[in-house]
Amino acid sequence: MNNKISKIGVFTSGGDAPGMNAAIRAVVRACAYYKVDCVGILRGYEGMIEGDFEQLDARSVGNILQRGGTVLKSARSKEFRTPEGRLKALGKLRSEGIDALVAIGGDGTFTGLHKFYQEFSIPSICIPGTIDNDLSGTDYTIGYDTATNTAVEAIDKIRDTALSHNRLFFIEVMGRHSGYIAINSGIAGGAAAIVIPEETMTFDELYEKLGEGEETSKKSNLVVVAEGSKIGDAHTLAKKVAERSSYFDIKVTVLGHLQRGGAPTYFDRVLASRMGIAAIEGLLNNKSDVMVGIKDNKIVYNDFDTIMQSHHEIDEESMRIAKILSI
Ligand code: F6P
């Protein structure tokens, strides 16, 4: 165990994700268990620069496990990207006596912490919290399971009304650079087609898929589109189909930020709890500049440099399954 660490600062940064609170709770309780002080840093790097800190103990994180969002709040900080901003943050951490950091967030959060570590060598560990599931080095990120379940629930509801009115729906889910939510909510929701940023489906290919419905008079269909689609978002695709054919009665639903909120699923709560404890145990065992991950249901620690070099690819198997099922 590393006896040099006496006070750990924990913060959430970037887009919030359901299960972040469960991770905060696990971090704080693991600190209490190992008798290390824990301080919450509010509003991510913004709060670090301003010295917005809050002492946390095992009791102060009661009743947050089941809540969406983040009790520590989140923000994107431009100032932390500057050397002056990072120096200010260092000063505030030093005067509070914080000698190690746990960040819960996505790749932007990690990039900031990696830079900070390189400059000032403060022991740091990241926990992957993003609904996008786009980080390499882990099979799952916190929040992805909940967000995908939310999308599936919405798709099921849209299917009811789509069938009643024989309508073609374009449903847009989140994922600026990642098709994870789209591919798996599309498979689980029985979509006729799934458009993701990682796959090079052309508009003509998409149209052909729907056109097949024209021959078999399948007017009611669901198309799931990831917001980062390379061939246009849900509104654009709907417009293009309408321009080509008046056969379909087309509607668009953009699920948007409702995918970011809500109570975390059991899966995300357990994942967050395991990762929170792993972060503290990692720090106390001299691990630093790493991201906690889960691989084949085992906790792993990944070097920042390694995970930053690649994206979490969607496996070929998921794409193959989606293709077979949407015939
Ligand atoms: O959390 C990741 C993500 O949900 C992306 O899929 C989406 O594009 C983005 O965040 C939107 O974030 P914000 O609303 O905070 O700008």
# chains A, B, ... in the order shown; residues from 1 in each chain; ligands from 1
>>> closest_atom_pairs(of="segment 112-164 of chain A", to="segment 306-320 of chain A", cutoff="12 Å", atoms="only C-alpha atoms", output="tab-separated table")
residue	atom	partner	partner_atom	distance
A:Gly112	CA	A:Met308	CA	11.8
A:His114	CA	A:Met308	CA	10.0
A:Cys126	CA	A:Ile307	CA	11.5
A:Pro128	CA	A:Ile307	CA	11.2
A:Asp132	CA	A:His312	CA	9.8
A:Asn133	CA	A:His312	CA	7.3
A:Asp134	CA	A:His312	CA	4.8
A:Leu135	CA	A:His312	CA	5.0
A:Ser136	CA	A:His312	CA	4.2
A:Gly137	CA	A:Ile307	CA	5.8
A:Thr138	CA	A:His312	CA	8.0
A:Asp139	CA	A:His312	CA	8.2
A:Tyr140	CA	A:His312	CA	9.5
A:Thr141	CA	A:His312	CA	10.4
>>> residues_near_ligand(ligand="ligand 1", cutoff="8 Å", atoms="only C-alpha atoms and all ligand atoms", output="NGL selection string")
:A and (14-17 or 106 or 130-132 or 174-178 or 227-228 or 257 or 259-260)
>>> select_by_dssp(residues="segment 29-200 of chain A", states="helix (DSSP H, G or I)", output="ChimeraX atom specification")
/A:29-33,44-50,58-61,79-81,83-96,107-120,144-165,180-188
>>> residues_around(residues="Phe53 of chain A", least_positions_apart="2", cutoff="9 Å", atoms="only C-alpha atoms", output="PDB file with N, CA and C atoms, in the first residue's frame")
ATOM      1  N   GLY A   9      -8.881  13.424  -4.103  1.00  0.00           N
ATOM      2  CA  GLY A   9      -9.942  14.266  -4.664  1.00  0.00           C
ATOM      3  C   GLY A   9     -10.653  13.500  -5.773  1.00  0.00           C
ATOM      4  N   VAL A  39     -12.167  14.030  -0.763  1.00  0.00           N
ATOM      5  CA  VAL A  39     -12.761  15.347  -1.008  1.00  0.00           C
ATOM      6  C   VAL A  39     -13.443  15.325  -2.379  1.00  0.00           C
ATOM      7  N   GLY A  40     -14.666  15.841  -2.428  1.00  0.00           N
ATOM      8  CA  GLY A  40     -15.354  15.961  -3.709  1.00  0.00           C
ATOM      9  C   GLY A  40     -14.976  17.281  -4.354  1.00  0.00           C
ATOM     10  N   ILE A  41     -14.620  17.225  -5.626  1.00  0.00           N
ATOM     11  CA  ILE A  41     -14.306  18.461  -6.369  1.00  0.00           C
ATOM     12  C   ILE A  41     -15.529  18.746  -7.240  1.00  0.00           C
ATOM     13  N   LEU A  42     -16.173  19.889  -7.025  1.00  0.00           N
ATOM     14  CA  LEU A  42     -17.417  20.172  -7.735  1.00  0.00           C
ATOM     15  C   LEU A  42     -17.164  20.741  -9.128  1.00  0.00           C
ATOM     16  N   GLY A  47     -14.266  23.475 -11.037  1.00  0.00           N
ATOM     17  CA  GLY A  47     -14.241  23.532  -9.570  1.00  0.00           C
ATOM     18  C   GLY A  47     -12.837  23.359  -9.013  1.00  0.00           C
ATOM     19  N   MET A  48     -12.013  22.606  -9.732  1.00  0.00           N
ATOM     20  CA  MET A  48     -10.628  22.401  -9.280  1.00  0.00           C
ATOM     21  C   MET A  48      -9.876  23.735  -9.341  1.00  0.00           C
ATOM     22  N   GLU A  50     -11.208  26.678  -9.213  1.00  0.00           N
ATOM     23  CA  GLU A  50     -11.772  27.643  -8.249  1.00  0.00           C
ATOM     24  C   GLU A  50     -11.677  27.180  -6.800  1.00  0.00           C
ATOM     25  N   GLY A  51     -11.208  25.958  -6.580  1.00  0.00           N
ATOM     26  CA  GLY A  51     -11.101  25.440  -5.216  1.00  0.00           C
ATOM     27  C   GLY A  51     -12.470  25.134  -4.615  1.00  0.00           C
ATOM     28  N   GLN A  55     -15.783  18.193   1.672  1.00  0.00           N
ATOM     29  CA  GLN A  55     -15.324  16.998   2.399  1.00  0.00           C
ATOM     30  C   GLN A  55     -16.385  15.899   2.299  1.00  0.00           C
ATOM     31  N   GLU A  96      -5.443  22.527  -0.318  1.00  0.00           N
ATOM     32  CA  GLU A  96      -6.437  21.648   0.333  1.00  0.00           C
ATOM     33  C   GLU A  96      -5.773  20.362   0.837  1.00  0.00           C
TER      34      GLU A  96
END
>>> select_by_dssp(residues="segment 144-218 of chain A", states="strand (DSSP E or B)", output="PyMOL selection string")
chain A and resi 167-173+193-195
>>> closest_residue(among="A:Lys88, A:Lys298, A:Lys219, A:Arg25", to="Val10 of chain A", atoms="only C-alpha atoms")
A:Arg25
>>> atom_distance(atom1="atom CA of Phe169 of chain A", atom2="atom CA of Ala234 of chain A")
9.0 Å
>>> closest_residue(among="A:Arg159, A:Arg269, A:Lys251, A:Lys287", to="Gly19 of chain A", atoms="only C-alpha atoms")
A:Arg269
>>> residues_around(residues="Ile280 of chain A", least_positions_apart="3", cutoff="12 Å", atoms="only C-alpha atoms", output="PyMOL selection string")
chain A and resi 1-2+5-10+23-38+100-103+123-127+273-277+283-288+290-292+301
>>> closest_residue(among="A:Asn297, A:Asn149, A:Asn302, A:Ser95", to="Ile187 of chain A", atoms="only C-alpha atoms")
A:Asn149
>>> residues_around(residues="Met201 of chain A", least_positions_apart="4", cutoff="12 Å", atoms="only C-alpha atoms", output="list of chain:residue names")
A:Ala193, A:Ile194, A:Val195, A:Ile196, A:Pro197, A:Glu205, A:Leu206, A:Tyr207, A:Glu208, A:Lys209, A:Val225, A:Ser229, A:Lys230, A:Ile231, A:Gly232, A:Met319, A:Lys323
>>> write_last_selection(atoms="all heavy atoms", output="tab-separated table (two decimals), in the first residue's frame")
chain	number	residue	atom	x	y	z
A	193	ALA	N	-33.25	-0.94	-40.15
A	193	ALA	CA	-31.89	-0.53	-40.55
A	193	ALA	C	-31.28	0.27	-39.40
A	193	ALA	O	-32.00	0.91	-38.63
A	193	ALA	CB	-31.94	0.33	-41.80
A	194	ILE	N	-29.96	0.17	-39.30
A	194	ILE	CA	-29.24	0.89	-38.25
A	194	ILE	C	-28.10	1.65	-38.91
A	194	ILE	O	-27.29	1.05	-39.64
A	194	ILE	CB	-28.67	-0.10	-37.19
A	194	ILE	CG1	-29.79	-0.98	-36.62
A	194	ILE	CG2	-27.95	0.64	-36.07
A	194	ILE	CD1	-29.31	-2.19	-35.83
A	195	VAL	N	-28.06	2.96	-38.67
A	195	VAL	CA	-27.02	3.78	-39.31
A	195	VAL	C	-26.06	4.25	-38.22
A	195	VAL	O	-26.46	4.94	-37.29
A	195	VAL	CB	-27.64	4.99	-40.03
A	195	VAL	CG1	-26.58	5.75	-40.81
A	195	VAL	CG2	-28.78	4.57	-40.95
A	196	ILE	N	-24.79	3.86	-38.36
A	196	ILE	CA	-23.80	4.20	-37.34
A	196	ILE	C	-22.58	4.88	-37.99
A	196	ILE	O	-22.30	4.64	-39.17
A	196	ILE	CB	-23.35	2.95	-36.53
A	196	ILE	CG1	-22.81	1.86	-37.46
A	196	ILE	CG2	-24.48	2.43	-35.67
A	196	ILE	CD1	-22.20	0.68	-36.71
A	197	PRO	N	-21.85	5.69	-37.23
A	197	PRO	CA	-20.70	6.39	-37.82
A	197	PRO	C	-19.60	5.45	-38.30
A	197	PRO	O	-18.86	5.79	-39.22
A	197	PRO	CB	-20.16	7.27	-36.68
A	197	PRO	CG	-21.12	7.19	-35.57
A	197	PRO	CD	-22.07	6.06	-35.81
A	205	GLU	N	-27.93	2.51	-50.28
A	205	GLU	CA	-28.08	1.19	-49.64
A	205	GLU	C	-29.18	1.21	-48.59
A	205	GLU	O	-29.97	0.28	-48.47
A	205	GLU	CB	-26.74	0.77	-49.01
A	205	GLU	CG	-25.74	0.25	-50.02
A	205	GLU	CD	-24.31	0.19	-49.49
A	205	GLU	OE1	-24.03	0.76	-48.40
A	205	GLU	OE2	-23.47	-0.39	-50.18
A	206	LEU	N	-29.22	2.32	-47.86
A	206	LEU	CA	-30.28	2.45	-46.85
A	206	LEU	C	-31.65	2.48	-47.53
A	206	LEU	O	-32.58	1.78	-47.13
A	206	LEU	CB	-30.07	3.74	-46.02
A	206	LEU	CG	-31.22	4.11	-45.08
A	206	LEU	CD1	-31.36	3.11	-43.95
A	206	LEU	CD2	-31.02	5.52	-44.50
A	207	TYR	N	-31.72	3.26	-48.61
A	207	TYR	CA	-33.00	3.40	-49.31
A	207	TYR	C	-33.45	2.05	-49.87
A	207	TYR	O	-34.63	1.70	-49.82
A	207	TYR	CB	-32.87	4.43	-50.44
A	207	TYR	CG	-34.21	4.70	-51.08
A	207	TYR	CD1	-35.11	5.58	-50.49
A	207	TYR	CD2	-34.59	4.03	-52.23
A	207	TYR	CE1	-36.36	5.79	-51.04
A	207	TYR	CE2	-35.84	4.24	-52.79
A	207	TYR	CZ	-36.72	5.12	-52.20
A	207	TYR	OH	-37.96	5.33	-52.73
A	208	GLU	N	-32.48	1.31	-50.37
A	208	GLU	CA	-32.79	-0.01	-50.93
A	208	GLU	C	-33.40	-0.92	-49.88
A	208	GLU	O	-34.35	-1.64	-50.13
A	208	GLU	CB	-31.49	-0.61	-51.47
A	208	GLU	CG	-31.72	-1.60	-52.60
A	208	GLU	CD	-30.39	-2.12	-53.10
A	208	GLU	OE1	-29.55	-1.27	-53.49
A	208	GLU	OE2	-30.19	-3.33	-53.05
A	209	LYS	N	-32.86	-0.85	-48.67
A	209	LYS	CA	-33.39	-1.65	-47.56
A	209	LYS	C	-34.86	-1.32	-47.33
A	209	LYS	O	-35.69	-2.18	-47.12
A	209	LYS	CB	-32.61	-1.35	-46.28
A	209	LYS	CG	-31.63	-2.42	-45.91
A	209	LYS	CD	-30.96	-2.09	-44.59
A	209	LYS	CE	-29.93	-3.15	-44.23
A	209	LYS	NZ	-30.50	-4.46	-43.99
A	225	VAL	N	-30.80	5.72	-36.01
A	225	VAL	CA	-29.68	6.49	-36.55
A	225	VAL	C	-28.84	7.05	-35.39
A	225	VAL	O	-29.38	7.72	-34.51
A	225	VAL	CB	-30.20	7.69	-37.39
A	225	VAL	CG1	-29.05	8.45	-38.04
A	225	VAL	CG2	-31.21	7.24	-38.43
A	229	SER	N	-23.98	9.82	-37.51
A	229	SER	CA	-24.08	9.17	-38.84
A	229	SER	C	-23.39	10.00	-39.92
A	229	SER	O	-23.57	11.21	-39.99
A	229	SER	CB	-25.56	8.98	-39.18
A	229	SER	OG	-25.78	9.15	-40.56
A	230	LYS	N	-22.64	9.30	-40.77
A	230	LYS	CA	-21.88	10.00	-41.82
A	230	LYS	C	-22.76	10.35	-43.02
A	230	LYS	O	-22.36	11.11	-43.89
A	230	LYS	CB	-20.72	9.12	-42.30
A	230	LYS	CG	-19.71	8.78	-41.21
A	230	LYS	CD	-18.66	9.88	-41.09
A	230	LYS	CE	-17.46	9.48	-40.28
A	230	LYS	NZ	-17.68	9.05	-38.93
A	231	ILE	N	-23.95	9.76	-43.09
A	231	ILE	CA	-24.79	10.03	-44.27
A	231	ILE	C	-25.98	10.93	-43.91
A	231	ILE	O	-26.96	10.99	-44.65
A	231	ILE	CB	-25.27	8.72	-44.94
A	231	ILE	CG1	-25.99	7.80	-43.93
A	231	ILE	CG2	-24.12	7.99	-45.59
A	231	ILE	CD1	-26.72	6.63	-44.59
A	232	GLY	N	-25.90	11.59	-42.77
A	232	GLY	CA	-26.94	12.54	-42.38
A	232	GLY	C	-27.66	12.10	-41.12
A	232	GLY	O	-27.76	10.91	-40.84
A	319	MET	N	-22.51	-6.18	-36.04
A	319	MET	CA	-22.92	-5.67	-37.35
A	319	MET	C	-23.54	-6.79	-38.19
A	319	MET	O	-24.52	-6.59	-38.89
A	319	MET	CB	-21.72	-5.09	-38.08
A	319	MET	CG	-21.04	-3.98	-37.30
A	319	MET	SD	-20.49	-2.70	-38.40
A	319	MET	CE	-19.08	-2.08	-37.59
A	323	LYS	N	-27.46	-7.11	-39.57
A	323	LYS	CA	-27.75	-7.29	-40.99
A	323	LYS	C	-28.68	-8.49	-41.22
A	323	LYS	O	-29.68	-8.39	-41.94
A	323	LYS	CB	-26.41	-7.53	-41.74
A	323	LYS	CG	-26.50	-7.21	-43.20
A	323	LYS	CD	-25.12	-7.02	-43.81
A	323	LYS	CE	-24.58	-5.61	-43.60
A	323	LYS	NZ	-23.18	-5.46	-43.86
>>> decode(residues="segment 9-20 of chain A", atoms="all heavy atoms", output="PDB file, in the first residue's frame")
ATOM      1  N   GLY A   9      -8.881  13.424  -4.103  1.00  0.00           N
ATOM      2  CA  GLY A   9      -9.942  14.266  -4.664  1.00  0.00           C
ATOM      3  C   GLY A   9     -10.653  13.500  -5.773  1.00  0.00           C
ATOM      4  O   GLY A   9     -10.015  12.911  -6.641  1.00  0.00           O
ATOM      5  N   VAL A  10     -12.001  13.508  -5.741  1.00  0.00           N
ATOM      6  CA  VAL A  10     -12.768  12.819  -6.778  1.00  0.00           C
ATOM      7  C   VAL A  10     -13.648  13.832  -7.501  1.00  0.00           C
ATOM      8  O   VAL A  10     -14.198  14.734  -6.878  1.00  0.00           O
ATOM      9  CB  VAL A  10     -13.586  11.634  -6.189  1.00  0.00           C
ATOM     10  CG1 VAL A  10     -14.548  12.088  -5.083  1.00  0.00           C
ATOM     11  CG2 VAL A  10     -14.365  10.896  -7.278  1.00  0.00           C
ATOM     12  N   PHE A  11     -13.752  13.681  -8.817  1.00  0.00           N
ATOM     13  CA  PHE A  11     -14.610  14.600  -9.576  1.00  0.00           C
ATOM     14  C   PHE A  11     -15.188  13.925 -10.818  1.00  0.00           C
ATOM     15  O   PHE A  11     -14.687  12.897 -11.277  1.00  0.00           O
ATOM     16  CB  PHE A  11     -13.849  15.871  -9.978  1.00  0.00           C
ATOM     17  CG  PHE A  11     -12.670  15.646 -10.892  1.00  0.00           C
ATOM     18  CD1 PHE A  11     -12.791  15.854 -12.259  1.00  0.00           C
ATOM     19  CD2 PHE A  11     -11.438  15.235 -10.400  1.00  0.00           C
ATOM     20  CE1 PHE A  11     -11.708  15.663 -13.120  1.00  0.00           C
ATOM     21  CE2 PHE A  11     -10.348  15.034 -11.246  1.00  0.00           C
ATOM     22  CZ  PHE A  11     -10.484  15.245 -12.613  1.00  0.00           C
ATOM     23  N   THR A  12     -16.289  14.509 -11.310  1.00  0.00           N
ATOM     24  CA  THR A  12     -16.897  14.042 -12.557  1.00  0.00           C
ATOM     25  C   THR A  12     -16.747  15.159 -13.582  1.00  0.00           C
ATOM     26  O   THR A  12     -16.807  16.337 -13.239  1.00  0.00           O
ATOM     27  CB  THR A  12     -18.387  13.694 -12.355  1.00  0.00           C
ATOM     28  OG1 THR A  12     -19.037  14.767 -11.675  1.00  0.00           O
ATOM     29  CG2 THR A  12     -18.561  12.425 -11.558  1.00  0.00           C
ATOM     30  N   SER A  13     -16.557  14.769 -14.833  1.00  0.00           N
ATOM     31  CA  SER A  13     -16.297  15.779 -15.848  1.00  0.00           C
ATOM     32  C   SER A  13     -16.837  15.315 -17.206  1.00  0.00           C
ATOM     33  O   SER A  13     -17.022  14.122 -17.434  1.00  0.00           O
ATOM     34  CB  SER A  13     -14.785  16.000 -15.899  1.00  0.00           C
ATOM     35  OG  SER A  13     -14.425  16.832 -16.957  1.00  0.00           O
ATOM     36  N   GLY A  14     -17.114  16.271 -18.100  1.00  0.00           N
ATOM     37  CA  GLY A  14     -17.673  15.928 -19.414  1.00  0.00           C
ATOM     38  C   GLY A  14     -19.157  15.601 -19.292  1.00  0.00           C
ATOM     39  O   GLY A  14     -19.805  15.968 -18.323  1.00  0.00           O
ATOM     40  N   GLY A  15     -19.688  14.891 -20.271  1.00  0.00           N
ATOM     41  CA  GLY A  15     -21.108  14.537 -20.255  1.00  0.00           C
ATOM     42  C   GLY A  15     -21.436  13.605 -19.102  1.00  0.00           C
ATOM     43  O   GLY A  15     -20.694  12.660 -18.840  1.00  0.00           O
ATOM     44  N   ASP A  16     -22.520  13.888 -18.386  1.00  0.00           N
ATOM     45  CA  ASP A  16     -22.863  12.996 -17.264  1.00  0.00           C
ATOM     46  C   ASP A  16     -23.360  11.652 -17.794  1.00  0.00           C
ATOM     47  O   ASP A  16     -23.656  11.506 -18.973  1.00  0.00           O
ATOM     48  CB  ASP A  16     -23.902  13.646 -16.334  1.00  0.00           C
ATOM     49  CG  ASP A  16     -25.214  13.960 -17.036  1.00  0.00           C
ATOM     50  OD1 ASP A  16     -25.298  13.786 -18.269  1.00  0.00           O
ATOM     51  OD2 ASP A  16     -26.166  14.382 -16.354  1.00  0.00           O
ATOM     52  N   ALA A  17     -23.405  10.659 -16.906  1.00  0.00           N
ATOM     53  CA  ALA A  17     -23.841   9.324 -17.309  1.00  0.00           C
ATOM     54  C   ALA A  17     -24.462   8.633 -16.100  1.00  0.00           C
ATOM     55  O   ALA A  17     -23.930   8.768 -14.987  1.00  0.00           O
ATOM     56  CB  ALA A  17     -22.654   8.518 -17.827  1.00  0.00           C
ATOM     57  N   PRO A  18     -25.573   7.902 -16.306  1.00  0.00           N
ATOM     58  CA  PRO A  18     -26.191   7.220 -15.168  1.00  0.00           C
ATOM     59  C   PRO A  18     -25.222   6.200 -14.562  1.00  0.00           C
ATOM     60  O   PRO A  18     -24.632   5.400 -15.294  1.00  0.00           O
ATOM     61  CB  PRO A  18     -27.403   6.509 -15.787  1.00  0.00           C
ATOM     62  CG  PRO A  18     -27.618   7.132 -17.121  1.00  0.00           C
ATOM     63  CD  PRO A  18     -26.290   7.664 -17.573  1.00  0.00           C
ATOM     64  N   GLY A  19     -25.048   6.260 -13.263  1.00  0.00           N
ATOM     65  CA  GLY A  19     -24.097   5.367 -12.596  1.00  0.00           C
ATOM     66  C   GLY A  19     -22.895   6.136 -12.061  1.00  0.00           C
ATOM     67  O   GLY A  19     -22.113   5.615 -11.268  1.00  0.00           O
ATOM     68  N   MET A  20     -22.755   7.404 -12.477  1.00  0.00           N
ATOM     69  CA  MET A  20     -21.637   8.197 -11.948  1.00  0.00           C
ATOM     70  C   MET A  20     -21.760   8.323 -10.424  1.00  0.00           C
ATOM     71  O   MET A  20     -20.765   8.277  -9.701  1.00  0.00           O
ATOM     72  CB  MET A  20     -21.614   9.588 -12.572  1.00  0.00           C
ATOM     73  CG  MET A  20     -20.945   9.614 -13.942  1.00  0.00           C
ATOM     74  SD  MET A  20     -20.808  11.301 -14.576  1.00  0.00           S
ATOM     75  CE  MET A  20     -19.594  11.064 -15.893  1.00  0.00           C
TER      76      MET A  20
END
